[in-house]
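As provided, input_19.csv (CSV, C-alpha atoms) reads as follows.
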chain,number,residue,atom,x,y,z
A,1,MET,CA,-1.5,-1.7,17.4
A,2,THR,CA,2.0,-0.4,17.8
A,3,LEU,CA,4.5,0.3,14.9
A,4,GLN,CA,8.0,-0.2,16.3
A,5,ILE,CA,10.8,1.5,14.4
A,6,PRO,CA,14.4,1.1,15.4
A,7,THR,CA,16.3,4.4,15.7
A,8,ARG,CA,18.7,3.6,12.9
A,9,ILE,CA,15.8,2.8,10.5
A,10,TYR,CA,13.9,6.0,11.5
A,11,ALA,CA,17.1,7.9,10.7
A,12,GLN,CA,17.0,6.4,7.2
A,13,ILE,CA,13.4,7.4,6.8
A,14,ALA,CA,14.1,11.0,8.0
A,15,ALA,CA,17.1,11.3,5.6
A,16,HIS,CA,15.0,10.2,2.6
A,17,LEU,CA,12.1,12.6,3.4
A,18,GLU,CA,14.4,15.5,4.2
A,19,ALA,CA,16.2,15.0,0.9
A,20,ALA,CA,12.9,15.0,-0.9
A,21,PHE,CA,11.8,18.2,0.8
A,22,PRO,CA,9.9,20.4,-0.3
A,23,LYS,CA,8.5,17.6,-2.3
A,24,GLU,CA,6.8,14.5,-0.9
A,25,GLY,CA,9.0,11.5,-0.4
A,26,ALA,CA,7.9,7.9,0.2
A,27,GLY,CA,9.0,4.3,0.6
A,28,LEU,CA,8.0,0.9,1.9
A,29,LEU,CA,8.2,-0.5,5.4
A,30,LEU,CA,9.4,-4.1,5.5
A,31,GLY,CA,9.2,-6.1,8.7
A,32,GLU,CA,7.1,-8.5,10.7
A,33,ALA,CA,3.6,-8.2,11.9
A,34,ASN,CA,1.3,-9.9,14.4
A,35,ASN,CA,-2.0,-9.0,15.9
A,36,LEU,CA,-0.5,-6.5,18.3
A,37,ASN,CA,2.7,-5.1,16.9
A,38,ARG,CA,4.5,-4.3,13.7
A,39,HIS,CA,8.2,-4.2,13.8
A,40,VAL,CA,10.1,-2.5,11.0
A,41,HIS,CA,13.3,-4.2,10.0
A,42,MET,CA,14.2,-2.3,6.9
A,43,ILE,CA,12.9,0.2,4.4
A,44,ILE,CA,13.1,0.6,0.7
A,45,THR,CA,13.0,4.1,-0.7
A,46,PHE,CA,11.7,5.0,-4.1
A,47,GLU,CA,11.5,8.1,-6.3
A,48,ASN,CA,8.2,9.9,-6.2
A,49,ARG,CA,6.5,8.8,-9.4
A,50,PHE,CA,3.7,11.4,-9.4
A,51,THR,CA,3.9,14.0,-12.1
A,52,PRO,CA,6.7,16.4,-11.1
A,53,GLU,CA,4.5,19.5,-10.9
A,54,GLU,CA,2.4,17.9,-8.2
A,55,GLN,CA,5.0,16.2,-6.1
A,56,HIS,CA,4.8,19.0,-3.5
A,57,ASN,CA,1.5,17.5,-2.3
A,58,ARG,CA,1.3,14.1,-3.9
A,59,TYR,CA,3.3,10.9,-4.0
A,60,LEU,CA,3.0,7.7,-6.0
A,61,LEU,CA,4.6,4.3,-5.7
A,62,THR,CA,3.9,2.2,-8.8
A,63,ALA,CA,2.9,-1.4,-9.0
A,64,GLU,CA,6.4,-2.1,-10.2
A,65,ASP,CA,7.7,-0.5,-7.0
A,66,ILE,CA,5.4,-2.6,-4.9
A,67,LEU,CA,6.5,-5.8,-6.7
A,68,ALA,CA,10.1,-4.8,-6.1
A,69,GLY,CA,9.3,-4.3,-2.4
A,70,GLU,CA,7.4,-7.6,-2.1
A,71,ASP,CA,10.3,-9.4,-3.8
A,72,ALA,CA,12.9,-7.8,-1.4
A,73,ALA,CA,10.7,-8.6,1.6
A,74,GLU,CA,10.4,-12.3,0.5
A,75,LYS,CA,14.2,-12.5,0.0
A,76,HIS,CA,14.7,-11.3,3.6
A,77,GLY,CA,11.9,-13.4,5.1
A,78,LEU,CA,9.8,-10.3,5.8
A,79,GLU,CA,6.6,-8.7,4.6
A,80,VAL,CA,5.7,-5.3,3.2
A,81,ILE,CA,3.9,-4.0,6.4
A,82,GLY,CA,3.3,-0.4,5.4
A,83,VAL,CA,4.2,2.7,3.6
A,84,PHE,CA,5.9,5.9,4.8
A,85,HIS,CA,5.5,9.4,3.2
A,86,SER,CA,6.1,13.0,4.1
A,87,HIS,CA,3.8,15.9,4.4
A,88,PRO,CA,6.0,18.9,3.6
A,89,ASN,CA,5.1,21.9,5.8
A,90,HIS,CA,1.9,20.2,6.8
A,91,PRO,CA,0.8,18.1,9.8
A,92,SER,CA,1.2,14.3,10.0
A,93,GLN,CA,-2.5,13.9,9.6
A,94,PRO,CA,-3.9,11.8,6.7
A,95,SER,CA,-5.8,13.7,4.0
A,96,GLU,CA,-9.0,12.7,2.3
A,97,TYR,CA,-6.8,11.8,-0.7
A,98,ASP,CA,-4.7,9.5,1.5
A,99,ARG,CA,-7.8,7.8,2.7
A,100,GLU,CA,-9.3,7.3,-0.8
A,101,HIS,CA,-6.1,5.7,-2.0
A,102,ALA,CA,-5.3,3.6,1.0
A,103,LEU,CA,-5.4,-0.1,1.5
A,104,PRO,CA,-6.5,-1.8,4.6
A,105,TRP,CA,-3.9,-3.5,6.9
A,106,TYR,CA,-0.9,-1.5,5.8
A,107,SER,CA,0.6,0.9,8.3
A,108,TYR,CA,0.6,4.4,6.8
A,109,LEU,CA,3.5,6.3,8.5
A,110,ILE,CA,3.2,10.0,7.8
A,111,VAL,CA,6.0,12.3,8.8
A,112,SER,CA,5.7,16.1,8.8
A,113,VAL,CA,8.8,17.8,7.3
A,114,HIS,CA,9.7,21.4,7.6
A,115,ASP,CA,12.8,23.3,6.5
A,116,LYS,CA,14.5,22.4,9.8
A,117,GLY,CA,13.9,18.7,9.4
A,118,VAL,CA,11.3,16.0,10.3
A,119,THR,CA,8.9,16.3,13.1
A,120,THR,CA,6.1,14.2,14.6
A,121,PRO,CA,5.8,10.8,12.9
A,122,ARG,CA,2.3,9.4,13.2
A,123,SER,CA,0.9,6.2,11.8
A,124,TRP,CA,-2.5,5.2,10.6
A,125,LEU,CA,-4.5,2.2,9.6
A,126,LEU,CA,-7.5,2.3,7.3
A,127,SER,CA,-10.8,0.9,8.8
A,128,ASP,CA,-12.3,-2.2,7.1
A,129,ASP,CA,-15.2,-0.1,5.8
A,130,ARG,CA,-12.7,2.4,4.3
A,131,ASN,CA,-14.5,5.3,6.0
A,132,ARG,CA,-11.7,6.5,8.4
A,133,PHE,CA,-8.1,6.1,9.5
A,134,LYS,CA,-7.4,4.8,13.0
A,135,GLU,CA,-4.2,6.0,14.6
A,136,GLU,CA,-1.7,3.5,15.9
A,137,ARG,CA,1.1,4.1,18.3
A,138,VAL,CA,4.6,4.7,17.0
A,139,THR,CA,7.7,3.8,19.0
A,140,ILE,CA,11.2,4.7,17.9
A,141,GLN,CA,13.8,2.9,20.0
A,142,VAL,CA,17.3,1.5,19.9
A,143,ASP,CA,17.2,-2.0,18.4
A,144,ARG,CA,18.2,-4.7,20.8
B,1,MET,CA,-9.2,-22.9,-13.0
B,2,ALA,CA,-7.2,-19.7,-13.1
B,3,THR,CA,-5.6,-18.5,-9.9
B,4,ILE,CA,-5.3,-15.0,-8.4
B,5,HIS,CA,-2.5,-14.0,-6.2
B,6,ILE,CA,-3.7,-11.8,-3.4
B,7,PRO,CA,-1.4,-9.1,-1.9
B,8,THR,CA,-0.8,-9.2,1.8
B,9,PRO,CA,-3.1,-6.3,2.9
B,10,LEU,CA,-6.1,-7.9,1.3
B,11,ARG,CA,-5.5,-11.4,2.7
B,12,THR,CA,-7.5,-10.4,5.7
B,13,TYR,CA,-10.6,-10.8,3.5
B,14,THR,CA,-9.5,-14.2,2.0
B,15,GLY,CA,-9.0,-16.0,5.3
B,16,GLY,CA,-5.3,-15.5,5.0
B,17,GLU,CA,-5.1,-17.3,1.6
B,18,ALA,CA,-2.6,-15.9,-0.9
B,19,GLU,CA,-3.8,-17.9,-3.9
B,20,ILE,CA,-7.5,-18.2,-4.8
B,21,LYS,CA,-8.8,-20.4,-7.6
B,22,VAL,CA,-11.4,-18.6,-9.7
B,23,SER,CA,-13.6,-19.5,-12.6
B,24,GLY,CA,-14.3,-17.2,-15.6
B,25,ASP,CA,-13.1,-16.9,-19.2
B,26,THR,CA,-11.9,-13.3,-18.8
B,27,VAL,CA,-10.1,-11.2,-16.2
B,28,GLY,CA,-13.3,-9.4,-15.4
B,29,ALA,CA,-15.2,-12.6,-14.9
B,30,ALA,CA,-12.4,-14.0,-12.7
B,31,LEU,CA,-12.5,-10.9,-10.5
B,32,GLN,CA,-16.2,-11.1,-10.2
B,33,ASP,CA,-15.9,-14.7,-9.1
B,34,LEU,CA,-13.2,-13.7,-6.6
B,35,THR,CA,-15.4,-11.0,-5.1
B,36,THR,CA,-18.4,-13.5,-5.0
B,37,GLN,CA,-16.2,-15.9,-3.1
B,38,HIS,CA,-14.9,-13.2,-0.8
B,39,GLU,CA,-17.5,-10.4,-0.7
B,40,GLN,CA,-15.6,-8.1,1.6
B,41,LEU,CA,-12.9,-7.7,-1.1
B,42,ARG,CA,-15.3,-5.9,-3.4
B,43,GLN,CA,-15.2,-2.5,-1.7
B,44,HIS,CA,-11.4,-2.5,-1.8
B,45,LEU,CA,-11.1,-3.5,-5.4
B,46,TYR,CA,-14.0,-1.6,-6.9
B,47,SER,CA,-15.2,2.0,-6.5
B,48,ASP,CA,-18.9,2.9,-5.7
B,49,LYS,CA,-19.3,3.2,-9.5
B,50,GLY,CA,-18.3,-0.5,-10.0
B,51,GLU,CA,-15.0,0.4,-11.6
B,52,LEU,CA,-11.6,-1.1,-10.6
B,53,ARG,CA,-10.0,1.4,-8.3
B,54,ALA,CA,-7.1,3.3,-9.8
B,55,PHE,CA,-4.6,1.8,-7.4
B,56,VAL,CA,-5.7,-1.8,-8.2
B,57,ASN,CA,-3.5,-3.3,-10.9
B,58,VAL,CA,-4.1,-6.8,-12.2
B,59,TYR,CA,-1.2,-8.6,-13.9
B,60,LEU,CA,-1.5,-11.6,-16.1
B,61,GLY,CA,1.9,-13.2,-15.9
B,62,SER,CA,4.2,-10.2,-16.2
B,63,ASP,CA,1.7,-8.0,-18.1
B,64,ASP,CA,-0.5,-5.4,-16.6
B,65,VAL,CA,-3.9,-6.2,-18.1
B,66,ARG,CA,-4.5,-2.5,-18.8
B,67,HIS,CA,-1.9,-3.0,-21.5
B,68,LEU,CA,-3.8,-6.0,-22.9
B,69,ASN,CA,-7.6,-5.9,-23.2
B,70,GLY,CA,-8.3,-4.8,-19.6
B,71,GLU,CA,-11.1,-6.8,-18.0
B,72,ASP,CA,-11.9,-8.4,-21.3
B,73,THR,CA,-8.5,-10.1,-21.5
B,74,PRO,CA,-9.2,-13.8,-22.1
B,75,LEU,CA,-7.9,-16.4,-19.6
B,76,GLN,CA,-6.8,-20.0,-20.0
B,77,GLU,CA,-7.4,-22.8,-17.5
B,78,ASP,CA,-3.9,-22.4,-16.0
B,79,SER,CA,-3.7,-18.5,-16.1
B,80,LYS,CA,-2.1,-16.9,-13.2
B,81,LEU,CA,-3.3,-13.5,-12.2
B,82,ARG,CA,-1.8,-11.2,-9.6
B,83,ILE,CA,-3.3,-8.2,-7.9
B,84,VAL,CA,-0.7,-5.6,-7.2
B,85,PRO,CA,-1.5,-2.3,-5.6
B,86,SER,CA,0.1,1.0,-6.4
B,87,ILE,CA,0.2,3.4,-3.5
B,88,ALA,CA,-0.6,7.1,-3.7
B,89,GLY,CA,-1.4,9.8,-1.2
B,90,GLY,CA,-0.6,13.4,-0.4
B,91,LEU,CA,-1.1,16.2,2.0
B,92,THR,CA,-4.3,17.7,0.6

As structure tokens - that is how I would like this structure written.
Amino acid sequence: MTLQIPTRIYAQIAAHLEAAFPKEGAGLLLGEANNLNRHVHMIITFENRFTPEEQHNRYLLTAEDILAGEDAAEKHGLEVIGVFHSHPNHPSQPSEYDREHALPWYSYLIVSVHDKGVTTPRSWLLSDDRNRFKEERVTIQVDR
Amino acid sequence: MATIHIPTPLRTYTGGEAEIKVSGDTVGAALQDLTTQHEQLRQHLYSDKGELRAFVNVYLGSDDVRHLNGEDTPLQEDSKLRIVPSIAGGLT
């Protein structure tokens, strides 16, 4: 599986996550999916709804956020295909907390953010048995 | 029969179906019927302790059933339920 992100969309993701730094930032990936590839067409950013004192290592998108994302996706003929969030000053590796709260099928794009900006986006899919994340390829390329 | 709207990431386990007809007089009974029809959904909806996972939200119309009577919320024949995930995570 490959998650394809146009350069201009990745720039929007980076800007949102850098603005949230040193707290975690998050949003939804909207696009199209088939058995081999996911193509991101747009994102929706949200405020981190986790309690403020824990936003340095937690994020939350509420059911109302997801409903808003699904409505926007439907309006554009797209689907919510995944989630992106940042790991401030931490690798782009999913945590046990990420796994426990993950849904199958969604792409979980994690972007490490440091004081000089974003680095190393990696994306993950939860296994059907919920026991592990499988990494998927990420490509960031100029949209044709 | 009531219907339950399934979010995209869980349709893998309903054969791609977005709307599932379920029997049951309460939200809890309807969810039990759903997971009996589609057994693989259970592990994603319920924890090992048999409780609805924290990120699983069930709406009856526009109301989160946690703000009604939870899984005891009564259903009508034409009730429309919707499973909506919330999404959480973090670096540790």

Using all atoms listed in the file, find each residue in chain B having at least one atom no more than 12 Å away from chain A; report its shortest atom-to-atom pair and that distance in Å (one decimal), rows by chain then rising number, as a tab-separated table.
residue	atom	partner	partner_atom	distance
B:Ile6	CA	A:Glu70	CA	11.9
B:Pro7	CA	A:Glu70	CA	8.9
B:Thr8	CA	A:Val80	CA	7.7
B:Pro9	CA	A:Trp105	CA	4.9
B:Leu10	CA	A:Pro104	CA	6.9
B:Arg11	CA	A:Trp105	CA	9.1
B:Thr12	CA	A:Trp105	CA	7.9
B:Tyr13	CA	A:Asp128	CA	9.5
B:Gln40	CA	A:Asp128	CA	8.7
B:Leu41	CA	A:Asp128	CA	9.9
B:Arg42	CA	A:Asp129	CA	10.9
B:Gln43	CA	A:Asp129	CA	7.9
B:His44	CA	A:Leu103	CA	7.3
B:Leu45	CA	A:Leu103	CA	9.6
B:Tyr46	CA	A:Glu100	CA	11.8
B:Ser47	CA	A:Glu100	CA	9.8
B:Asp48	CA	A:Glu100	CA	11.6
B:Arg53	CA	A:His101	CA	8.6
B:Ala54	CA	A:His101	CA	8.2
B:Phe55	CA	A:His101	CA	6.8
B:Val56	CA	A:Ala63	CA	8.6
B:Asn57	CA	A:Ala63	CA	6.9
B:Val58	CA	A:Ala63	CA	9.4
B:Tyr59	CA	A:Ala63	CA	9.6
B:Ser62	CA	A:Glu64	CA	10.3
B:Asp63	CA	A:Glu64	CA	10.9
B:Asp64	CA	A:Ala63	CA	9.2
B:Arg82	CA	A:Leu67	CA	10.3
B:Ile83	CA	A:Ala63	CA	9.3
B:Val84	CA	A:Ala63	CA	5.8
B:Pro85	CA	A:Ala63	CA	5.6
B:Ser86	CA	A:Ala63	CA	4.5
B:Ile87	CA	A:Leu61	CA	5.0
B:Ala88	CA	A:Leu60	CA	4.3
B:Gly89	CA	A:Asp98	CA	4.3
B:Gly90	CA	A:Arg58	CA	4.0
B:Leu91	CA	A:Asn57	CA	5.2
B:Thr92	CA	A:Ser95	CA	5.5

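Atom to atom, CA of Gly15 (chain B) and CA of Glu39 (chain B) stand 11.8 Å apart.
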
Determine, counting all atoms listed in the file, every residue of protein, DNA or RNA that lies within 7 Å of (-0.2, 4.6, 9.7) in the file coordinates, then give the result as a list in words. Ser107, Tyr108, Leu109, Ile110, Arg122, Ser123, Trp124, Leu125, Glu135 and Glu136 of chain A

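The neighbours of Val27 (chain B) here are the residues that come within 9 Å of it, using all atoms listed in the file and leaving out any residue fewer than 4 positions away in the same chain; they are Leu31, Gln32, Val58, Leu60, Val65, Gly70, Glu71, Asp72, Thr73, Pro74, Leu75 and Leu81 of chain B.
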
Take the residues from that selection and put them in a file with C-alpha atoms, as a PDB file, in the frame of the given file.
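The resulting out_26.pdb:
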ATOM      1  CA  LEU B  31     -12.500 -10.900 -10.500  1.00  0.00           C
ATOM      2  CA  GLN B  32     -16.200 -11.100 -10.200  1.00  0.00           C
ATOM      3  CA  VAL B  58      -4.100  -6.800 -12.200  1.00  0.00           C
ATOM      4  CA  LEU B  60      -1.500 -11.600 -16.100  1.00  0.00           C
ATOM      5  CA  VAL B  65      -3.900  -6.200 -18.100  1.00  0.00           C
ATOM      6  CA  GLY B  70      -8.300  -4.800 -19.600  1.00  0.00           C
ATOM      7  CA  GLU B  71     -11.100  -6.800 -18.000  1.00  0.00           C
ATOM      8  CA  ASP B  72     -11.900  -8.400 -21.300  1.00  0.00           C
ATOM      9  CA  THR B  73      -8.500 -10.100 -21.500  1.00  0.00           C
ATOM     10  CA  PRO B  74      -9.200 -13.800 -22.100  1.00  0.00           C
ATOM     11  CA  LEU B  75      -7.900 -16.400 -19.600  1.00  0.00           C
ATOM     12  CA  LEU B  81      -3.300 -13.500 -12.200  1.00  0.00           C
TER      13      LEU B  81
END

Top pick for closest residue to Pro6 (chain A), considering A:Leu126, A:Val118, A:Leu30, A:Ile140 and counting all atoms listed in the file: A:Ile140

Nearest to His16 (chain A), chosen from A:Leu78, A:Ala72, A:Ile44, A:Val138, with only C-alpha atoms counted in the distances: A:Ile44

So, counting all atoms listed in the file, which residue among A:Pro22, A:Val142, A:Thr119, A:Leu17 is closest to Pro52 (chain A)? A:Pro22

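Straight-line separation from CA of Leu68 (chain B) to CA of Lys21 (chain B): 21.6 Å.
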
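Atom to atom, CA of Ser127 (chain A) and CA of Thr139 (chain A) stand 21.3 Å apart.
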